[in-house]
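Q: Structure file start.csv (CSV, C-alpha atoms) right here:
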chain,number,residue,atom,x,y,z
F,256,MET,CA,80.6,133.7,94.6
F,257,SER,CA,78.4,132.5,91.8
F,258,SER,CA,75.5,130.0,92.3
F,259,THR,CA,75.6,126.6,90.7
F,260,THR,CA,72.7,124.5,89.5
F,261,GLU,CA,71.8,121.3,91.2
F,262,ALA,CA,71.3,118.7,88.4
F,263,ASP,CA,68.3,116.5,88.3
F,264,ALA,CA,70.5,113.3,88.2
F,265,GLU,CA,67.6,110.9,88.1
F,266,SER,CA,66.0,112.6,85.2
F,267,VAL,CA,69.3,112.6,83.3
F,268,LEU,CA,69.7,108.9,84.0
F,269,ARG,CA,66.2,108.2,82.6
F,270,LEU,CA,67.1,110.4,79.5
F,271,VAL,CA,70.4,108.8,78.6
F,272,THR,CA,69.8,105.1,79.6
F,273,PRO,CA,68.7,103.1,76.6
F,274,SER,CA,65.6,100.9,76.8
F,275,LEU,CA,65.9,97.2,76.6
F,276,ASP,CA,65.5,95.8,73.1
F,277,LEU,CA,65.5,92.2,72.1
F,278,LYS,CA,67.0,93.1,68.8
F,279,ARG,CA,70.2,94.4,70.4
F,280,HIS,CA,73.3,92.3,69.8
F,281,LYS,CA,76.6,92.0,71.8
F,282,GLY,CA,78.4,95.3,72.0
F,283,GLN,CA,75.6,97.6,71.0
F,284,ALA,CA,75.1,98.9,74.5
F,285,GLY,CA,78.7,100.0,74.8
F,286,LYS,CA,82.3,98.9,74.4
F,287,ILE,CA,84.5,100.3,77.1
F,288,ALA,CA,88.3,99.9,77.5
F,289,VAL,CA,90.4,100.6,80.6
F,290,ILE,CA,94.0,101.6,80.1
F,291,GLY,CA,95.7,100.7,83.4
F,292,GLY,CA,97.0,98.0,85.7
F,293,CYS,CA,100.6,97.3,86.6
F,294,ARG,CA,102.5,95.0,89.0
F,295,GLU,CA,101.5,97.0,92.1
F,296,TYR,CA,97.9,97.9,91.2
F,297,THR,CA,95.4,95.5,89.9
F,298,GLY,CA,92.2,96.3,91.8
F,299,ALA,CA,91.6,99.8,90.3
F,300,PRO,CA,91.4,98.7,86.7
F,301,TYR,CA,89.2,95.8,87.7
F,302,PHE,CA,86.8,98.0,89.6
F,303,ALA,CA,86.5,100.5,86.7
F,304,ALA,CA,86.0,97.8,84.1
F,305,ILE,CA,83.6,95.6,86.0
F,306,SER,CA,81.5,98.7,87.0
F,307,ALA,CA,81.1,99.6,83.3
F,308,LEU,CA,80.2,96.0,82.5
F,309,LYS,CA,77.7,95.9,85.4
F,310,ILE,CA,75.9,98.9,84.0
F,311,VAL,CA,75.9,98.0,80.3
F,312,SER,CA,75.0,94.4,81.2
F,313,SER,CA,71.7,95.7,82.6
F,314,PHE,CA,70.8,96.2,78.9
F,315,GLY,CA,72.3,93.2,77.3
F,316,ALA,CA,75.6,91.3,77.3
F,317,ASP,CA,78.3,93.9,76.4
F,318,LEU,CA,82.0,94.3,76.4
F,319,SER,CA,84.6,95.7,78.8
F,320,HIS,CA,88.3,95.5,78.0
F,321,VAL,CA,91.4,96.1,80.1
F,322,PHE,CA,94.8,96.9,78.6
F,323,CYS,CA,97.4,96.3,81.3
F,324,THR,CA,101.0,95.1,81.8
F,325,LYS,CA,101.9,91.4,81.5
F,326,ASP,CA,102.4,91.1,85.3
F,327,ALA,CA,98.9,92.5,86.0
F,328,ALA,CA,97.0,90.5,83.4
F,329,PRO,CA,96.7,87.1,85.2
F,330,VAL,CA,95.7,88.7,88.4
F,331,ILE,CA,93.0,90.8,86.7
F,332,LYS,CA,91.8,87.8,84.7
F,333,SER,CA,91.5,85.9,88.0
F,334,TYR,CA,89.1,88.4,89.4
F,335,SER,CA,86.5,87.9,86.6
F,336,PRO,CA,86.2,85.8,83.4
F,337,GLU,CA,83.8,88.5,82.2
F,338,LEU,CA,86.6,91.0,81.3
F,339,ILE,CA,88.7,90.9,78.1
F,340,VAL,CA,92.2,91.4,79.3
F,341,HIS,CA,95.1,92.5,77.0
F,342,PRO,CA,98.6,92.1,78.5
F,343,VAL,CA,100.3,94.6,76.2
F,344,LEU,CA,101.6,97.6,78.3
F,345,GLU,CA,105.3,97.6,79.2
F,346,GLU,CA,107.2,99.1,82.2
F,347,SER,CA,110.8,100.5,82.3
F,348,TYR,CA,112.3,97.4,84.0
F,349,THR,CA,111.3,95.2,80.9
F,350,VAL,CA,113.2,97.6,78.5
F,351,SER,CA,116.0,98.8,80.8
F,352,HIS,CA,118.7,97.0,78.8
F,353,PHE,CA,117.3,98.1,75.4
F,354,SER,CA,118.8,100.7,73.1
F,355,GLU,CA,116.7,103.9,72.4
F,356,GLU,CA,115.7,102.5,69.0
F,357,GLU,CA,114.6,99.2,70.6
F,358,LYS,CA,112.6,101.1,73.2
F,359,ARG,CA,110.9,103.1,70.4
F,360,GLN,CA,110.0,99.9,68.6
F,361,VAL,CA,108.5,98.5,71.9
F,362,GLN,CA,106.4,101.7,72.2
F,363,GLU,CA,105.2,101.4,68.6
F,364,ARG,CA,104.2,97.7,69.2
F,365,VAL,CA,102.3,98.7,72.4
F,366,VAL,CA,100.4,101.4,70.6
F,367,GLY,CA,99.8,99.1,67.6
F,368,GLU,CA,98.2,96.5,69.9
F,369,VAL,CA,95.7,99.2,71.1
F,370,ASP,CA,95.3,100.6,67.6
F,371,LYS,CA,93.8,97.3,66.4
F,372,TRP,CA,90.9,97.9,68.7
F,373,MET,CA,90.5,101.6,69.0
F,374,GLU,CA,87.8,102.2,66.4
F,375,ARG,CA,85.6,99.6,68.1
F,376,PHE,CA,85.6,101.4,71.5
F,377,ASP,CA,82.9,103.9,72.6
F,378,CYS,CA,85.0,105.3,75.4
F,379,LEU,CA,88.3,104.8,77.2
F,380,VAL,CA,89.1,105.0,80.9
F,381,ILE,CA,92.7,106.1,81.3
F,382,GLY,CA,94.6,105.8,84.6
F,383,PRO,CA,93.1,103.3,87.1
F,384,GLY,CA,96.1,101.3,88.5
F,385,LEU,CA,98.4,102.8,85.9
F,386,GLY,CA,101.3,103.7,88.2
F,387,ARG,CA,103.9,106.3,87.5
F,388,ASP,CA,106.5,104.3,85.6
F,389,PRO,CA,108.0,106.8,83.0
F,390,PHE,CA,108.1,104.3,80.1
F,391,LEU,CA,104.6,103.2,80.7
F,392,LEU,CA,103.3,106.7,80.9
F,393,GLU,CA,105.0,107.5,77.6
F,394,CYS,CA,103.2,104.6,76.0
F,395,VAL,CA,99.9,105.8,77.4
F,396,SER,CA,100.5,109.4,76.2
F,397,LYS,CA,100.7,107.9,72.6
F,398,ILE,CA,97.5,105.9,73.2
F,399,MET,CA,95.7,109.2,74.2
F,400,LEU,CA,96.9,110.8,71.0
F,401,LEU,CA,95.6,107.8,69.1
F,402,ALA,CA,92.2,108.1,70.8
F,403,LYS,CA,92.0,111.8,69.8
F,404,LYS,CA,92.9,110.9,66.2
F,405,PHE,CA,89.8,108.6,66.1
F,406,SER,CA,87.6,111.0,68.2
F,407,VAL,CA,87.2,108.4,70.9
F,408,PRO,CA,86.1,110.0,74.2
F,409,PHE,CA,88.1,109.2,77.3
F,410,VAL,CA,87.8,109.6,81.1
F,411,VAL,CA,91.1,110.3,82.9
F,412,ASP,CA,91.4,109.2,86.5
F,413,GLY,CA,94.0,108.1,89.1
F,414,ASP,CA,97.6,108.1,87.7
F,415,GLY,CA,96.2,109.3,84.4
F,416,LEU,CA,95.6,112.6,86.1
F,417,PHE,CA,99.3,112.6,87.2
F,418,LEU,CA,100.2,112.2,83.6
F,419,VAL,CA,97.8,114.9,82.4
F,420,THR,CA,98.8,117.4,85.1
F,421,ASN,CA,102.4,117.2,83.8
F,422,SER,CA,101.3,117.2,80.1
F,423,ILE,CA,98.2,119.3,79.8
F,424,ASP,CA,98.5,119.3,76.0
F,425,LEU,CA,97.3,115.7,76.0
F,426,VAL,CA,93.8,116.9,76.8
F,427,ASN,CA,93.8,120.6,76.0
F,428,SER,CA,90.8,121.6,73.9
F,429,TYR,CA,89.6,118.0,73.4
F,430,PRO,CA,85.9,118.3,74.1
F,431,LEU,CA,85.6,114.5,74.5
F,432,ALA,CA,87.9,114.4,77.5
F,433,VAL,CA,86.6,114.1,81.1
F,434,LEU,CA,88.8,114.5,84.1
F,435,THR,CA,87.6,113.1,87.5
F,436,PRO,CA,90.0,114.4,90.2
F,437,ASN,CA,89.8,113.8,93.9
F,438,VAL,CA,90.8,116.4,96.4
F,439,ASN,CA,94.6,116.0,96.0
F,440,GLU,CA,94.5,115.5,92.2
F,441,TYR,CA,92.3,118.6,91.9
F,442,LYS,CA,94.7,120.6,94.0
F,443,ARG,CA,97.6,119.7,91.7
F,444,LEU,CA,95.6,120.6,88.6
F,445,VAL,CA,94.7,124.0,90.0
F,446,GLN,CA,98.3,124.7,91.0
F,447,ARG,CA,99.6,123.7,87.6
F,448,VAL,CA,97.0,125.3,85.4
F,449,LEU,CA,95.8,128.3,87.4
F,450,ASN,CA,99.1,128.9,89.3
F,451,CYS,CA,97.2,129.3,92.6
F,452,GLU,CA,95.7,127.4,95.5
F,453,VAL,CA,92.2,125.8,95.7
F,454,ASP,CA,89.6,128.5,96.7
F,455,GLU,CA,86.7,126.8,98.4
F,456,GLU,CA,84.9,130.1,98.9
F,457,ASN,CA,84.6,130.4,95.1
F,458,ALA,CA,84.7,126.7,94.2
F,459,GLU,CA,82.3,127.0,91.2
F,460,ASP,CA,84.0,129.9,89.6
F,461,GLN,CA,87.4,128.3,90.0
F,462,LEU,CA,86.3,125.0,88.5
F,463,ARG,CA,84.7,126.9,85.6
F,464,SER,CA,88.0,128.8,85.1
F,465,LEU,CA,90.1,125.6,85.3
F,466,ALA,CA,88.0,123.8,82.7
F,467,SER,CA,88.1,126.9,80.5
F,468,GLN,CA,91.8,127.2,80.7
F,469,ILE,CA,92.2,123.6,79.6
F,470,GLY,CA,90.2,124.4,76.5
F,471,GLY,CA,86.7,123.3,77.5
F,472,VAL,CA,87.4,119.8,78.8
F,473,THR,CA,84.8,118.5,81.3
F,474,ILE,CA,85.9,118.2,84.9
F,475,LEU,CA,84.1,116.3,87.6
F,476,ARG,CA,85.4,117.4,90.9
F,477,LYS,CA,84.6,114.7,93.4
F,478,GLY,CA,83.5,115.7,96.9
F,479,LYS,CA,80.6,115.9,99.4
F,480,SER,CA,78.8,117.4,96.4
F,481,ASP,CA,80.2,116.5,93.0
F,482,LEU,CA,80.8,119.6,90.9
F,483,ILE,CA,80.9,119.3,87.1
F,484,SER,CA,82.0,122.0,84.5
F,485,ASN,CA,83.1,122.3,80.9
F,486,GLY,CA,84.2,125.9,81.3
F,487,GLU,CA,80.8,127.3,80.5
F,488,ILE,CA,78.3,125.9,83.0
F,489,VAL,CA,78.6,124.4,86.5
F,490,LYS,CA,76.4,121.6,87.7
F,491,SER,CA,76.3,119.9,91.1
F,492,VAL,CA,75.1,116.5,92.2
F,493,SER,CA,74.3,116.1,95.9
F,494,ILE,CA,71.7,113.4,96.1
F,495,TYR,CA,72.0,110.2,98.1
F,496,GLY,CA,75.6,109.4,99.1
F,497,SER,CA,77.1,107.6,102.2
F,498,PRO,CA,79.2,108.5,105.2
F,499,ARG,CA,81.3,105.5,104.5
F,500,ARG,CA,84.2,106.1,102.0
F,501,CYS,CA,85.8,103.1,100.4
F,502,GLY,CA,89.0,103.1,98.4
F,503,GLY,CA,87.9,102.2,94.8
F,504,GLN,CA,84.8,104.4,94.6
F,505,GLY,CA,86.6,106.7,92.2
F,506,ASP,CA,87.3,103.7,89.9
F,507,ILE,CA,83.6,102.8,89.9
F,508,LEU,CA,82.8,106.4,89.0
F,509,SER,CA,85.3,106.6,86.1
F,510,GLY,CA,83.9,103.3,84.6
F,511,SER,CA,80.4,104.6,85.0
F,512,VAL,CA,81.2,108.0,83.4
F,513,ALA,CA,82.6,106.1,80.4
F,514,VAL,CA,79.3,104.2,79.9
F,515,PHE,CA,77.0,107.2,80.4
F,516,LEU,CA,79.1,109.4,78.2
F,517,SER,CA,79.0,106.9,75.3
F,518,TRP,CA,75.2,106.5,75.8
F,519,SER,CA,74.8,110.3,75.9
F,520,GLN,CA,76.7,110.6,72.6
F,521,GLN,CA,74.5,108.0,71.0
F,522,LEU,CA,71.3,109.7,72.2
F,523,ILE,CA,72.4,113.2,71.0
F,524,SER,CA,73.6,111.9,67.6
F,525,GLY,CA,70.2,110.4,67.0
F,526,HIS,CA,68.2,113.5,68.1
F,527,GLU,CA,69.2,116.7,66.4
F,528,SER,CA,66.9,118.7,68.7
F,529,LEU,CA,69.1,117.8,71.7
F,530,SER,CA,71.8,120.3,72.3
F,531,GLU,CA,73.2,119.1,75.7
F,532,ASN,CA,76.9,118.4,76.2
F,533,PRO,CA,77.3,114.6,76.3
F,534,ALA,CA,80.2,114.7,78.7
F,535,ILE,CA,78.2,116.8,81.1
F,536,LEU,CA,75.2,114.4,80.9
F,537,GLY,CA,77.5,111.4,81.3
F,538,CYS,CA,79.1,112.9,84.5
F,539,ILE,CA,75.7,113.8,86.0
F,540,ALA,CA,74.3,110.3,85.3
F,541,ALA,CA,77.3,108.5,86.7
F,542,SER,CA,77.6,110.7,89.8
F,543,GLY,CA,73.9,110.2,90.5
F,544,LEU,CA,74.0,106.4,90.0
F,545,LEU,CA,77.2,105.9,92.2
F,546,ARG,CA,75.7,108.0,95.0
F,547,LYS,CA,72.5,105.9,94.9
F,548,ALA,CA,74.5,102.7,94.9
F,549,THR,CA,76.7,103.8,97.8
F,550,SER,CA,73.6,104.8,99.8
F,551,LEU,CA,72.0,101.4,99.1
F,552,ALA,CA,75.2,99.5,99.9
F,553,PHE,CA,75.6,101.4,103.2
F,554,THR,CA,72.0,100.6,104.1
F,555,LYS,CA,72.8,96.9,103.7
F,556,HIS,CA,76.4,96.8,105.2
F,557,LYS,CA,76.8,99.9,107.3
F,558,ARG,CA,80.4,100.3,108.5
F,559,SER,CA,81.6,97.2,106.8
F,560,THR,CA,80.7,98.4,103.3
F,561,LEU,CA,83.3,97.6,100.6
F,562,THR,CA,83.8,98.7,97.1
F,563,SER,CA,82.6,95.3,95.9
F,564,ASP,CA,79.4,95.8,97.8
F,565,ILE,CA,78.8,99.1,96.0
F,566,ILE,CA,79.4,97.5,92.6
F,567,GLU,CA,76.8,94.8,93.4
F,568,CYS,CA,74.3,97.6,94.0
F,569,LEU,CA,74.8,99.4,90.7
F,570,GLY,CA,72.3,97.2,88.8
F,571,GLU,CA,69.7,97.4,91.5
F,572,SER,CA,70.1,101.2,91.7
F,573,LEU,CA,69.8,101.7,88.0
F,574,GLU,CA,66.8,99.4,87.9
F,575,ASP,CA,65.1,101.4,90.6
F,576,ILE,CA,65.5,104.6,88.6
F,577,CYS,CA,65.1,103.1,85.1
F,578,PRO,CA,62.9,100.0,85.3
F,579,ALA,CA,63.5,97.4,82.6
F,580,SER,CA,59.8,96.7,82.3
Could you take the file, read its structure, and then write that structure out as structure tokens?

A:
Amino acid sequence: MSSTTEADAESVLRLVTPSLDLKRHKGQAGKIAVIGGCREYTGAPYFAAISALKIVSSFGADLSHVFCTKDAAPVIKSYSPELIVHPVLEESYTVSHFSEEEKRQVQERVVGEVDKWMERFDCLVIGPGLGRDPFLLECVSKIMLLAKKFSVPFVVDGDGLFLVTNSIDLVNSYPLAVLTPNVNEYKRLVQRVLNCEVDEENAEDQLRSLASQIGGVTILRKGKSDLISNGEIVKSVSIYGSPRRCGGQGDILSGSVAVFLSWSQQLISGHESLSENPAILGCIAASGLLRKATSLAFTKHKRSTLTSDIIECLGESLEDICPAS
């Protein structure tokens, strides 16, 4: 069993978090888009998008978009007027009476609506509340190919991981892809890619092998300690945390990774001496911040802690590690 290195998450947060600057204008601290949200699931895309906004808003008013189905849009809009919601995704029931040619045209229109915005985004979050409708997943597959064409990083979570597990080529060898599986999602990935079961005795080696087999994508395996690998190195984040687990914490994490990945890219592009992997840095920073926020929320609310309580603690937690003054 190989050893893994515990990341200094607070130092990484201080490194990648930009300083406040009165000269910044709207959008300069990050423009994030969530691809997800359908009739059944509206909370997950909201949690991911509002978490990203809470973090970037600590450094100026910035932008968080949600691309969802028409049925989900009014619900997500009702949660917060801060989010920019695009009701453009389509499900099978809306095209069930269409010919194959008409369905193709609908797909082109959906992708075209996202294409209008793609070059403006610093990172996508693909999967929260997406559901598993076949037509919808087909549309999202094409959106992922579009993101790769423009070299836009993306974080894949939730039902996006269901899509990727069945279509590994969507992320294979794309260094700007981050996968954030939970226990069950990780198990399915290991079975599909490595053709074996999860090996907890050699967790670090297996994670490294999995990331390597998918061409060097970065994987953040969520757990008691978060394990992060790009197929070469393995880092763990174990600080803080909470005994209370809320549904929706993974959505907070995916939105946070998107922000810190984009900040890490900006940092590294401006400093030729830095050789760190931006996806690894983004995962470490997001994991550390979420763990601190969950700890703070639990201190305040104990057993009654909800996902919304954790989101409210993101800004305070970031401020504690990276003071604005």

Q: In Å to one decimal, how far is CA of Lys397 in chain F from CA of Cys538 in chain F?

A: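 Rounded to one decimal, the two atoms are 25.2 Å apart.
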
Q: Which of these, F:Val369, F:Cys451, F:Cys501, F:Leu401, has the shortest distance to Ser559 in chain F once you count all atoms listed in the file?

A: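 Using all atoms listed in the file, the shortest distance to Ser559 in chain F belongs to F:Cys501.
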
Q: Ranking F:Ala534, F:Cys394, F:Ile331, F:Leu482 by minimum distance to Leu431 in chain F and counting all atoms listed in the file, which one comes first?

A: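 When distances to Leu431 in chain F are compared using all atoms listed in the file, the smallest one comes from F:Ala534.
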
Q: Which residue gives the smallest distance to Glu363 in chain F among F:Glu571, F:Glu527, F:Glu455, F:Glu345, with all atoms listed in the file counted?

A: F:Glu345

Q: Go through F:Ala552, F:Met399, F:Ala299, F:Val411 one by one, measure the shortest atom-to-atom distance of each to Val330 in chain F using only C-alpha atoms, and give the residue with the smallest value.

A: F:Ala299

Q: For Ala402 in chain F, which residue among F:Ser347, F:Ala288, F:Leu462, F:Gln362 is the nearest when counting only C-alpha atoms?

A: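 Result for the nearest residue to Ala402 in chain F: F:Ala288.
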
Q: Can you work out the spacing between CA of Val453 in chain F and CA of Leu465 in chain F in Å, to one decimal?

A: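 Distance between the two atoms: 10.6 Å.
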
Q: Just checking: using only C-alpha atoms, which residue out of F:Glu356, F:Asp414, F:Glu567, F:Glu459 ends up closest to Tyr296 in chain F?

A: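 Once distances to Tyr296 in chain F are computed over only C-alpha atoms, the minimum belongs to F:Asp414.
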
Q: Env of Gly570 in chain F: 9 Å cut, atoms = all atoms listed in the file, seq-sep filter 4 positions within chain, self excluded. Answer as an MDAnalysis selection string.

A: chainID F and resid 309:310 312:313 548 566 574:575

Q: Next, write the just-selected residues to a file, as a PDB file, in the frame of the given file, keeping C-alpha atoms as the atom set.

A:
ATOM      1  CA  LYS F 309      77.700  95.900  85.400  1.00  0.00           C
ATOM      2  CA  ILE F 310      75.900  98.900  84.000  1.00  0.00           C
ATOM      3  CA  SER F 312      75.000  94.400  81.200  1.00  0.00           C
ATOM      4  CA  SER F 313      71.700  95.700  82.600  1.00  0.00           C
ATOM      5  CA  ALA F 548      74.500 102.700  94.900  1.00  0.00           C
ATOM      6  CA  ILE F 566      79.400  97.500  92.600  1.00  0.00           C
ATOM      7  CA  GLU F 574      66.800  99.400  87.900  1.00  0.00           C
ATOM      8  CA  ASP F 575      65.100 101.400  90.600  1.00  0.00           C
TER       9      ASP F 575
END

Q: What does the distance between CA of Lys358 in chain F and CA of Pro389 in chain F come to in Å, to one decimal place?

A: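 Taking CA of Lys358 in chain F as the start and CA of Pro389 in chain F as the end point, the length is 12.2 Å.
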
Q: Taking 4 positions as the minimum chain separation for residues in the same chain, which residues sit within 9 Å of Ser467 in chain F when counting all atoms listed in the file? Answer as number ranges by chain.

A: F: 428, 462-463, 471-472, 484-487

Q: May I have the residues within 6 Å of range 263-270 of chain F as a list in words, using only C-alpha atoms and disregarding those fewer than 5 positions away in the same chain?

A: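 Near neighbours after the sequence-gap exclusion: Ile539, Ala540, Gly543 and Cys577 of chain F.
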
Q: For range 444-446 of chain F, work out the shell of residues within 10 Å, counting all atoms listed in the file and skipping chain neighbours fewer than 5 positions away, then give it as a PyMOL selection string.

A: chain F and resi 416-417+419-421+423+436+439+451-454+461-462+464-466

Q: Hey, what's within 12 Å of Ile398 in chain F if we count all atoms listed in the file and toss same-chain stuff fewer than 4 positions away? As a ChimeraX atom specification, please?

A: /F:288-291,322,344,362-373,379-382,391-394,402-405,407,409,415,425

Q: Give me a file of those residues, with C-alpha atoms, as a short mmCIF file (atom, residue, chain, number, x, y, z; two decimals), keeping the file's coordinate frame.

A:
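Result file is part03.cif:
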data_model
loop_
_atom_site.label_atom_id
_atom_site.label_comp_id
_atom_site.auth_asym_id
_atom_site.auth_seq_id
_atom_site.Cartn_x
_atom_site.Cartn_y
_atom_site.Cartn_z
CA ALA F 288 88.30 99.90 77.50
CA VAL F 289 90.40 100.60 80.60
CA ILE F 290 94.00 101.60 80.10
CA GLY F 291 95.70 100.70 83.40
CA PHE F 322 94.80 96.90 78.60
CA LEU F 344 101.60 97.60 78.30
CA GLN F 362 106.40 101.70 72.20
CA GLU F 363 105.20 101.40 68.60
CA ARG F 364 104.20 97.70 69.20
CA VAL F 365 102.30 98.70 72.40
CA VAL F 366 100.40 101.40 70.60
CA GLY F 367 99.80 99.10 67.60
CA GLU F 368 98.20 96.50 69.90
CA VAL F 369 95.70 99.20 71.10
CA ASP F 370 95.30 100.60 67.60
CA LYS F 371 93.80 97.30 66.40
CA TRP F 372 90.90 97.90 68.70
CA MET F 373 90.50 101.60 69.00
CA LEU F 379 88.30 104.80 77.20
CA VAL F 380 89.10 105.00 80.90
CA ILE F 381 92.70 106.10 81.30
CA GLY F 382 94.60 105.80 84.60
CA LEU F 391 104.60 103.20 80.70
CA LEU F 392 103.30 106.70 80.90
CA GLU F 393 105.00 107.50 77.60
CA CYS F 394 103.20 104.60 76.00
CA ALA F 402 92.20 108.10 70.80
CA LYS F 403 92.00 111.80 69.80
CA LYS F 404 92.90 110.90 66.20
CA PHE F 405 89.80 108.60 66.10
CA VAL F 407 87.20 108.40 70.90
CA PHE F 409 88.10 109.20 77.30
CA GLY F 415 96.20 109.30 84.40
CA LEU F 425 97.30 115.70 76.00
#

Q: Using all atoms of range 496-508 of chain F listed in the file and a margin of 5 Å per side, can you give the axis-aligned box centre and edge lengths in Å to one decimal, as lines of an AutoDock Vina configuration file?

A:
center_x = 82.3
center_y = 105.8
center_z = 97.1
size_x = 23.4
size_y = 17.2
size_z = 26.2

Q: Take range 362-385 of chain F, bring it up to N, CA and C atoms, and give me the output as a tab-separated table (two decimals), in the coordinates of the input.

A:
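Once everything was written out, this is out-v3.tsv:
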chain	number	residue	atom	x	y	z
F	362	GLN	N	107.48	100.73	72.08
F	362	GLN	CA	106.40	101.70	72.20
F	362	GLN	C	105.44	101.58	70.98
F	363	GLU	N	106.01	101.48	69.82
F	363	GLU	CA	105.20	101.40	68.60
F	363	GLU	C	104.36	100.08	68.64
F	364	ARG	N	104.97	99.00	69.16
F	364	ARG	CA	104.20	97.70	69.20
F	364	ARG	C	103.07	97.85	70.24
F	365	VAL	N	103.32	98.49	71.39
F	365	VAL	CA	102.30	98.70	72.40
F	365	VAL	C	101.11	99.47	71.81
F	366	VAL	N	101.43	100.60	71.19
F	366	VAL	CA	100.40	101.40	70.60
F	366	VAL	C	99.68	100.71	69.47
F	367	GLY	N	100.43	99.92	68.71
F	367	GLY	CA	99.80	99.10	67.60
F	367	GLY	C	98.83	98.13	68.12
F	368	GLU	N	99.10	97.53	69.29
F	368	GLU	CA	98.20	96.50	69.90
F	368	GLU	C	96.84	97.22	70.24
F	369	VAL	N	96.92	98.44	70.76
F	369	VAL	CA	95.70	99.20	71.10
F	369	VAL	C	95.01	99.68	69.85
F	370	ASP	N	95.80	100.08	68.88
F	370	ASP	CA	95.30	100.60	67.60
F	370	ASP	C	94.36	99.62	66.92
F	371	LYS	N	94.67	98.33	67.05
F	371	LYS	CA	93.80	97.30	66.40
F	371	LYS	C	92.39	97.37	66.89
F	372	TRP	N	92.19	97.86	68.12
F	372	TRP	CA	90.90	97.90	68.70
F	372	TRP	C	90.20	99.22	68.78
F	373	MET	N	90.98	100.29	68.64
F	373	MET	CA	90.50	101.60	69.00
F	373	MET	C	89.21	102.02	68.37
F	374	GLU	N	89.02	101.79	67.08
F	374	GLU	CA	87.80	102.20	66.40
F	374	GLU	C	86.55	101.51	66.92
F	375	ARG	N	86.75	100.39	67.62
F	375	ARG	CA	85.60	99.60	68.10
F	375	ARG	C	85.08	100.21	69.46
F	376	PHE	N	85.91	101.00	70.14
F	376	PHE	CA	85.60	101.40	71.50
F	376	PHE	C	84.68	102.69	71.47
F	377	ASP	N	83.72	102.73	72.40
F	377	ASP	CA	82.90	103.90	72.60
F	377	ASP	C	83.48	104.89	73.54
F	378	CYS	N	84.33	104.41	74.44
F	378	CYS	CA	85.00	105.30	75.40
F	378	CYS	C	86.14	104.56	76.07
F	379	LEU	N	87.18	105.30	76.45
F	379	LEU	CA	88.30	104.80	77.20
F	379	LEU	C	88.27	105.32	78.63
F	380	VAL	N	88.81	104.54	79.56
F	380	VAL	CA	89.10	105.00	80.90
F	380	VAL	C	90.59	104.92	81.09
F	381	ILE	N	91.25	106.04	81.29
F	381	ILE	CA	92.70	106.10	81.30
F	381	ILE	C	93.22	106.40	82.71
F	382	GLY	N	93.95	105.46	83.32
F	382	GLY	CA	94.60	105.80	84.60
F	382	GLY	C	94.42	104.86	85.77
F	383	PRO	N	93.30	104.15	85.92
F	383	PRO	CA	93.10	103.30	87.10
F	383	PRO	C	94.26	102.26	87.24
F	384	GLY	N	95.01	102.32	88.33
F	384	GLY	CA	96.10	101.30	88.50
F	384	GLY	C	97.24	101.47	87.58
F	385	LEU	N	97.37	102.62	86.95
F	385	LEU	CA	98.40	102.80	85.90
F	385	LEU	C	99.80	102.85	86.51
